[in-house]
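Shown next, in C-alpha cells, is the structure this report addresses.
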Amino acid sequence: MTLAVCLSGGLVAPAQAQTANQLTAARVWPSQDYTRVALEIQEPAKYEVLSLKDPERLVLDLEGIEITAALTELADKIQPNDPYVKALRIGRYKPGVVRLVFDLKTEVKPQAFILPPIGDYGHRLVLDFYPLVPHDPLLAFLDKLQTEPGTAAPPAITKSPAPGNASRPPARGAPKRDRLIIIVIDPGHGGEDPGARGRRGTHEKDVTLAIASKLKARIDKEPNMRAVLTRDGDYYLSLQARVEKAQRVRADLFISIHADAFVKPHARGASVFALSERGATSAAASWLAKRENDADLIGGVNLDGRDRYLKMTLADLSLTAQINDSLKAGRSVLEQIGGINDLHKQDVEQAGFAVLKAPDIPSILIETAFISNPDEERKLRSAAYQNQMADALLVGIKRYFAKNPPLARDRLVSIQ
C-alpha cells in the first residue's frame, strides 16, 4: 500500500453544529472528461483525501459527519460505465471520522474543494476524478471521422515536442481535399447546474442537450459539415472548458444552446446573442449574461484553477472580426428560428457572455424559448419543437456559410 497524494481542507463549523452535522444529499456525475462526486452537508466539514496504489483507490475522510441514508445510498449511484470509479465502500474509520473508499478503474488526478451555499444548494464538498491524460476532443473527433467512408478532409494533425512547433505547411504535392466545416454545439449547463427550471419541473440542461443532439445529427448528415458536442451527457463543464474544446477542434462556428427564464412568466420568444465589446445592448441582455456567467458558481469550479476566460477583459483581445462574423451568423439563425417561434427581440443582441469569448471563432448563444413561460415550457419538452428548432438552426448555419465560406486550413494542428 503506497500513499501517493494527500489533500486536506474544509472550513471549521461552529462547535455546536459539529456533533450533529449530516450529509443531506450525494450525487455522482460520470463522464469521459471527469467524474464528479458532490456531497451536500448541513455545515462545512474538515476532510482529507488520500490516494493509494496497488490497487488504485481514493480515500475521503470526513470529520464530524453522521452516516445517513443519503451517504450509504451513494455507493449504489456508482455506474458500471463510469470511466474512473469502480465501486465505493463506506464505514466508520475511527471515532468522529467517516471514511469513503473509492475503488478506481485507473490512476486518476483528484481535485477536492468546498463550495459555499448558492441557489438551492447548501455547503458542498466536491471530489473530481480527472484522468492523468486528459480526454482529447480533437483525437476523438478525428477517430470518428476515420470510420466514415468518403468524409471530406478533416484538419490533419502532427505531434510536436513544443508549443512553438504548433504548425507547418502541408507537404508539397499532397492531394487537395475538400474543406470540412466543423461546428461545436454547446448544450448549456449540466450536472450540478440544472440551469433554469420550468413550472412543470423541466430542467434547462435536459432541453439544451436534447436540442443539441438533434442538431448534431442533422449537421453530421451534411457532406461537408461535422459537429462536436461540448458535453454528451448530464455533467457540468466550466465555461473555460467549453471554449477550449471549440478551440481544440479548430471550430468554424460555436453555438451555445440555452432556454431562457425570467421572473415574469409571460415573457416569451426566442433570442440570439453575440459578444459585445462595449457592454450589453439592453438591460435584459446584461441580466442574462450575468446569469449565464454565474453558471460556474452553481456548477462548481475549483477556484484554484479559475476560468481565465472569466478574467479576460475585452481590451486584451482583438475581437472586432470575431464579433462581426458572429453577428452575421446570429442574423442568419435568427431569421430561421423566427419562423417557428415568436422572437423576443427582432435583432441579434449583444452582451459579455464568457462562453462566447474565443477570439478566433464566430460564437453565438441561442435562447430557444422561455422555459419560465408555461406555454413555451410545453414546447421545449416536446420532440416536435426540438426537431423544428434543430431544423431551423441547421438552415441558418448553412445559409451563413454559403455567404461566408470558412478560410482554408493551410496548416496542421499540433497535438501537444
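A note on labels: chains of the C-alpha cells are A, B, ... as shown, every chain counts residues from 1, and ligands are counted from 1 in their shown order.
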Report the residues of stretch 260-404 of chain A whose backbone DSSP state falls under strand (DSSP E or B), written as a ChimeraX atom specification. /A:260,270-275,343,349-351,363-370
I'd like the contact shell of A:Ala210 - 12 Å cut-off, only C-alpha atoms, skipping same-chain residues fewer than 6 positions apart - returned as a CSV table (one decimal) with N, CA, C and O atoms, in the first residue's frame.
chain,number,residue,atom,x,y,z
A,185,ILE,N,-21.2,22.5,-30.9
A,185,ILE,CA,-22.5,22.8,-30.3
A,185,ILE,C,-22.4,22.6,-28.8
A,185,ILE,O,-21.9,21.5,-28.3
A,186,ASP,N,-22.8,23.6,-28.0
A,186,ASP,CA,-22.6,23.6,-26.6
A,186,ASP,C,-23.9,23.6,-25.9
A,186,ASP,O,-24.6,24.6,-25.8
A,187,PRO,N,-24.3,22.4,-25.4
A,187,PRO,CA,-25.6,22.4,-24.6
A,187,PRO,C,-25.3,23.0,-23.2
A,187,PRO,O,-24.5,22.6,-22.4
A,188,GLY,N,-26.0,24.1,-22.9
A,188,GLY,CA,-25.7,24.9,-21.7
A,188,GLY,C,-26.0,24.1,-20.5
A,188,GLY,O,-26.9,23.2,-20.4
A,190,GLY,N,-25.7,21.6,-17.1
A,190,GLY,CA,-25.4,20.2,-17.0
A,190,GLY,C,-24.9,19.8,-15.6
A,190,GLY,O,-24.3,20.6,-14.9
A,203,HIS,N,-35.9,20.9,-16.7
A,203,HIS,CA,-34.6,21.4,-16.5
A,203,HIS,C,-34.0,21.9,-17.8
A,203,HIS,O,-34.0,21.2,-18.8
A,204,GLU,N,-33.5,23.1,-17.7
A,204,GLU,CA,-32.8,23.7,-18.9
A,204,GLU,C,-31.7,22.7,-19.5
A,204,GLU,O,-31.6,22.6,-20.7
A,216,LYS,N,-26.8,18.1,-33.9
A,216,LYS,CA,-25.6,17.4,-34.3
A,216,LYS,C,-25.9,16.3,-35.3
A,216,LYS,O,-25.2,16.2,-36.3
A,217,ALA,N,-27.0,15.6,-35.1
A,217,ALA,CA,-27.3,14.5,-36.0
A,217,ALA,C,-27.6,15.1,-37.4
A,217,ALA,O,-27.2,14.5,-38.4
A,229,LEU,N,-20.1,18.0,-29.9
A,229,LEU,CA,-20.8,18.5,-28.7
A,229,LEU,C,-19.8,18.7,-27.6
A,229,LEU,O,-18.8,17.9,-27.4
A,231,ARG,N,-20.6,18.7,-24.4
A,231,ARG,CA,-20.9,17.6,-23.5
A,231,ARG,C,-22.0,16.7,-24.1
A,231,ARG,O,-22.9,17.2,-24.8
A,232,ASP,N,-21.9,15.4,-23.9
A,232,ASP,CA,-22.8,14.5,-24.5
A,232,ASP,C,-23.6,13.7,-23.4
A,232,ASP,O,-24.3,12.7,-23.7
A,233,GLY,N,-23.6,14.2,-22.2
A,233,GLY,CA,-24.3,13.6,-21.1
A,233,GLY,C,-24.6,14.7,-20.0
A,233,GLY,O,-24.3,15.9,-20.2
A,234,ASP,N,-25.1,14.2,-18.9
A,234,ASP,CA,-25.5,15.1,-17.8
A,234,ASP,C,-24.3,15.3,-16.8
A,234,ASP,O,-24.2,14.6,-15.8
A,257,ILE,N,-26.4,26.6,-26.7
A,257,ILE,CA,-27.9,26.5,-26.7
A,257,ILE,C,-28.4,26.5,-25.3
A,257,ILE,O,-27.9,25.9,-24.4
A,258,HIS,N,-29.4,27.4,-25.1
A,258,HIS,CA,-30.0,27.6,-23.8
A,258,HIS,C,-31.5,27.7,-23.9
A,258,HIS,O,-32.1,27.7,-25.0
A,259,ALA,N,-32.2,27.8,-22.7
A,259,ALA,CA,-33.6,28.0,-22.6
A,259,ALA,C,-33.8,29.1,-21.6
A,259,ALA,O,-33.6,28.8,-20.4
A,368,THR,N,-33.6,29.3,-26.9
A,368,THR,CA,-34.6,28.7,-27.7
A,368,THR,C,-36.0,29.0,-27.4
A,368,THR,O,-36.9,28.9,-28.3
A,380,LEU,N,-40.8,23.3,-25.3
A,380,LEU,CA,-39.4,22.8,-25.1
A,380,LEU,C,-39.4,21.4,-24.7
A,380,LEU,O,-38.4,20.7,-25.0
A,381,ARG,N,-40.4,20.9,-24.1
A,381,ARG,CA,-40.5,19.5,-23.7
A,381,ARG,C,-40.8,18.6,-24.8
A,381,ARG,O,-40.6,17.4,-24.7
A,382,SER,N,-41.4,19.1,-25.9
A,382,SER,CA,-41.9,18.3,-27.0
A,382,SER,C,-40.8,18.0,-28.0
A,382,SER,O,-40.0,18.9,-28.4
A,383,ALA,N,-40.7,16.8,-28.5
A,383,ALA,CA,-39.8,16.4,-29.5
A,383,ALA,C,-40.1,17.2,-30.8
A,383,ALA,O,-39.1,17.5,-31.6
A,384,ALA,N,-41.3,17.5,-31.1
A,384,ALA,CA,-41.7,18.2,-32.3
A,384,ALA,C,-41.0,19.6,-32.3
A,384,ALA,O,-40.4,20.0,-33.3
A,385,TYR,N,-41.1,20.3,-31.2
A,385,TYR,CA,-40.5,21.6,-31.2
A,385,TYR,C,-39.0,21.5,-31.2
A,385,TYR,O,-38.3,22.3,-31.9
A,386,GLN,N,-38.4,20.6,-30.5
A,386,GLN,CA,-37.0,20.4,-30.5
A,386,GLN,C,-36.5,20.1,-31.9
A,386,GLN,O,-35.4,20.6,-32.4
A,387,ASN,N,-37.2,19.3,-32.7
A,387,ASN,CA,-36.9,19.0,-34.1
A,387,ASN,C,-37.0,20.2,-35.0
A,387,ASN,O,-36.1,20.5,-35.8
A,389,MET,N,-36.7,23.3,-34.0
A,389,MET,CA,-35.6,24.2,-33.6
A,389,MET,C,-34.3,23.7,-34.3
A,389,MET,O,-33.5,24.5,-34.8
A,390,ALA,N,-34.0,22.4,-34.2
A,390,ALA,CA,-32.8,21.9,-34.8
A,390,ALA,C,-32.8,22.1,-36.4
A,390,ALA,O,-31.8,22.4,-36.9
Nearest to A:Leu138, chosen from A:Phe113, A:Arg250, A:Val98, A:Asp193, with only C-alpha atoms counted in the distances: A:Arg250
List as a list in words the protein and nucleic acid residues near A:Val97, meaning an atom at most 10 Å away when only C-alpha atoms are counted, but skip any in the same chain fewer than 5 places from it. Lys46, Tyr47, Leu60, Asp61, Leu62, Glu63, Gly64, Ile65, Glu66, Ile67, Gly91 and Arg92 of chain A
Write out as an MDAnalysis selection string each polymer residue whose atoms come within 9 Å of A:Gln32, counting only C-alpha atoms; drop sequence neighbours fewer than 3 positions from it. chainID A and resid 35 82:84 131 135
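By chain and then residue number, the residues within 12 Å of A:Lys328 are Leu253, Val272, Phe273, Ala274, Ala321, Gln322, Ile323, Asn324, Asp325, Arg331, Ser332, Val333, Leu334, Glu335, Asp347, Val348, Glu349, Pro362, Ser363, Ile364, Gly396, Ile397, Arg399, Tyr400, Phe401, Ala402, Lys403 and Asn404 of chain A, counting only C-alpha atoms and disregarding those fewer than 3 positions away in sequence.
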Separation of atom CA of A:Ala329 and atom CA of A:Gln388, in Å? 18.5 Å
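Within the 7 Å cut-off around A:Glu56, using only C-alpha atoms and omitting residues fewer than 5 positions from it on the same chain, the listed residues are A:Asp103, A:Leu104, A:Thr106, A:Glu107.
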Can you list every residue in stretch 190-333 of chain A that DSSP puts in alpha helix (DSSP H), as number ranges by chain? A: 204-220, 239-248, 283-293, 295-299, 308-311, 320-333
Give me, please, the distance in Å between atom CA of A:Arg218 and atom CA of A:Asp391, quoted to one decimal. 7.7 Å
Surrounding residues of A:Lys109 excluding itself and chain neighbours under 4 positions, 10 Å, only C-alpha atoms, as a ChimeraX atom specification: /A:5,34,51,58,128-134
Selection to disk with C-alpha atoms, as a compact mmCIF listing (two decimals), in the first residue's frame:
# COMPACT_ATOMS: atom_id res chain seq x y z
CA VAL A 5 -1.34 12.07 -2.65
CA TYR A 34 -14.03 13.51 -15.49
CA SER A 51 -4.58 8.46 -3.00
CA LEU A 58 -9.02 7.16 -3.44
CA ASP A 128 -13.37 15.34 -9.01
CA PHE A 129 -11.64 12.34 -10.60
CA TYR A 130 -9.61 13.54 -13.59
CA PRO A 131 -7.64 11.21 -15.89
CA LEU A 132 -3.86 11.55 -15.87
CA VAL A 133 -4.02 12.16 -19.62
CA PRO A 134 -7.00 14.46 -20.36
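In this structure, atom CA of A:Leu145 sits 15.8 Å away from atom CA of A:Arg248.
Distances to A:Ile183 were evaluated for A:Leu365, A:Ala140, A:Ile118, A:Ile255 using only C-alpha atoms, and the minimum falls at A:Ile255.
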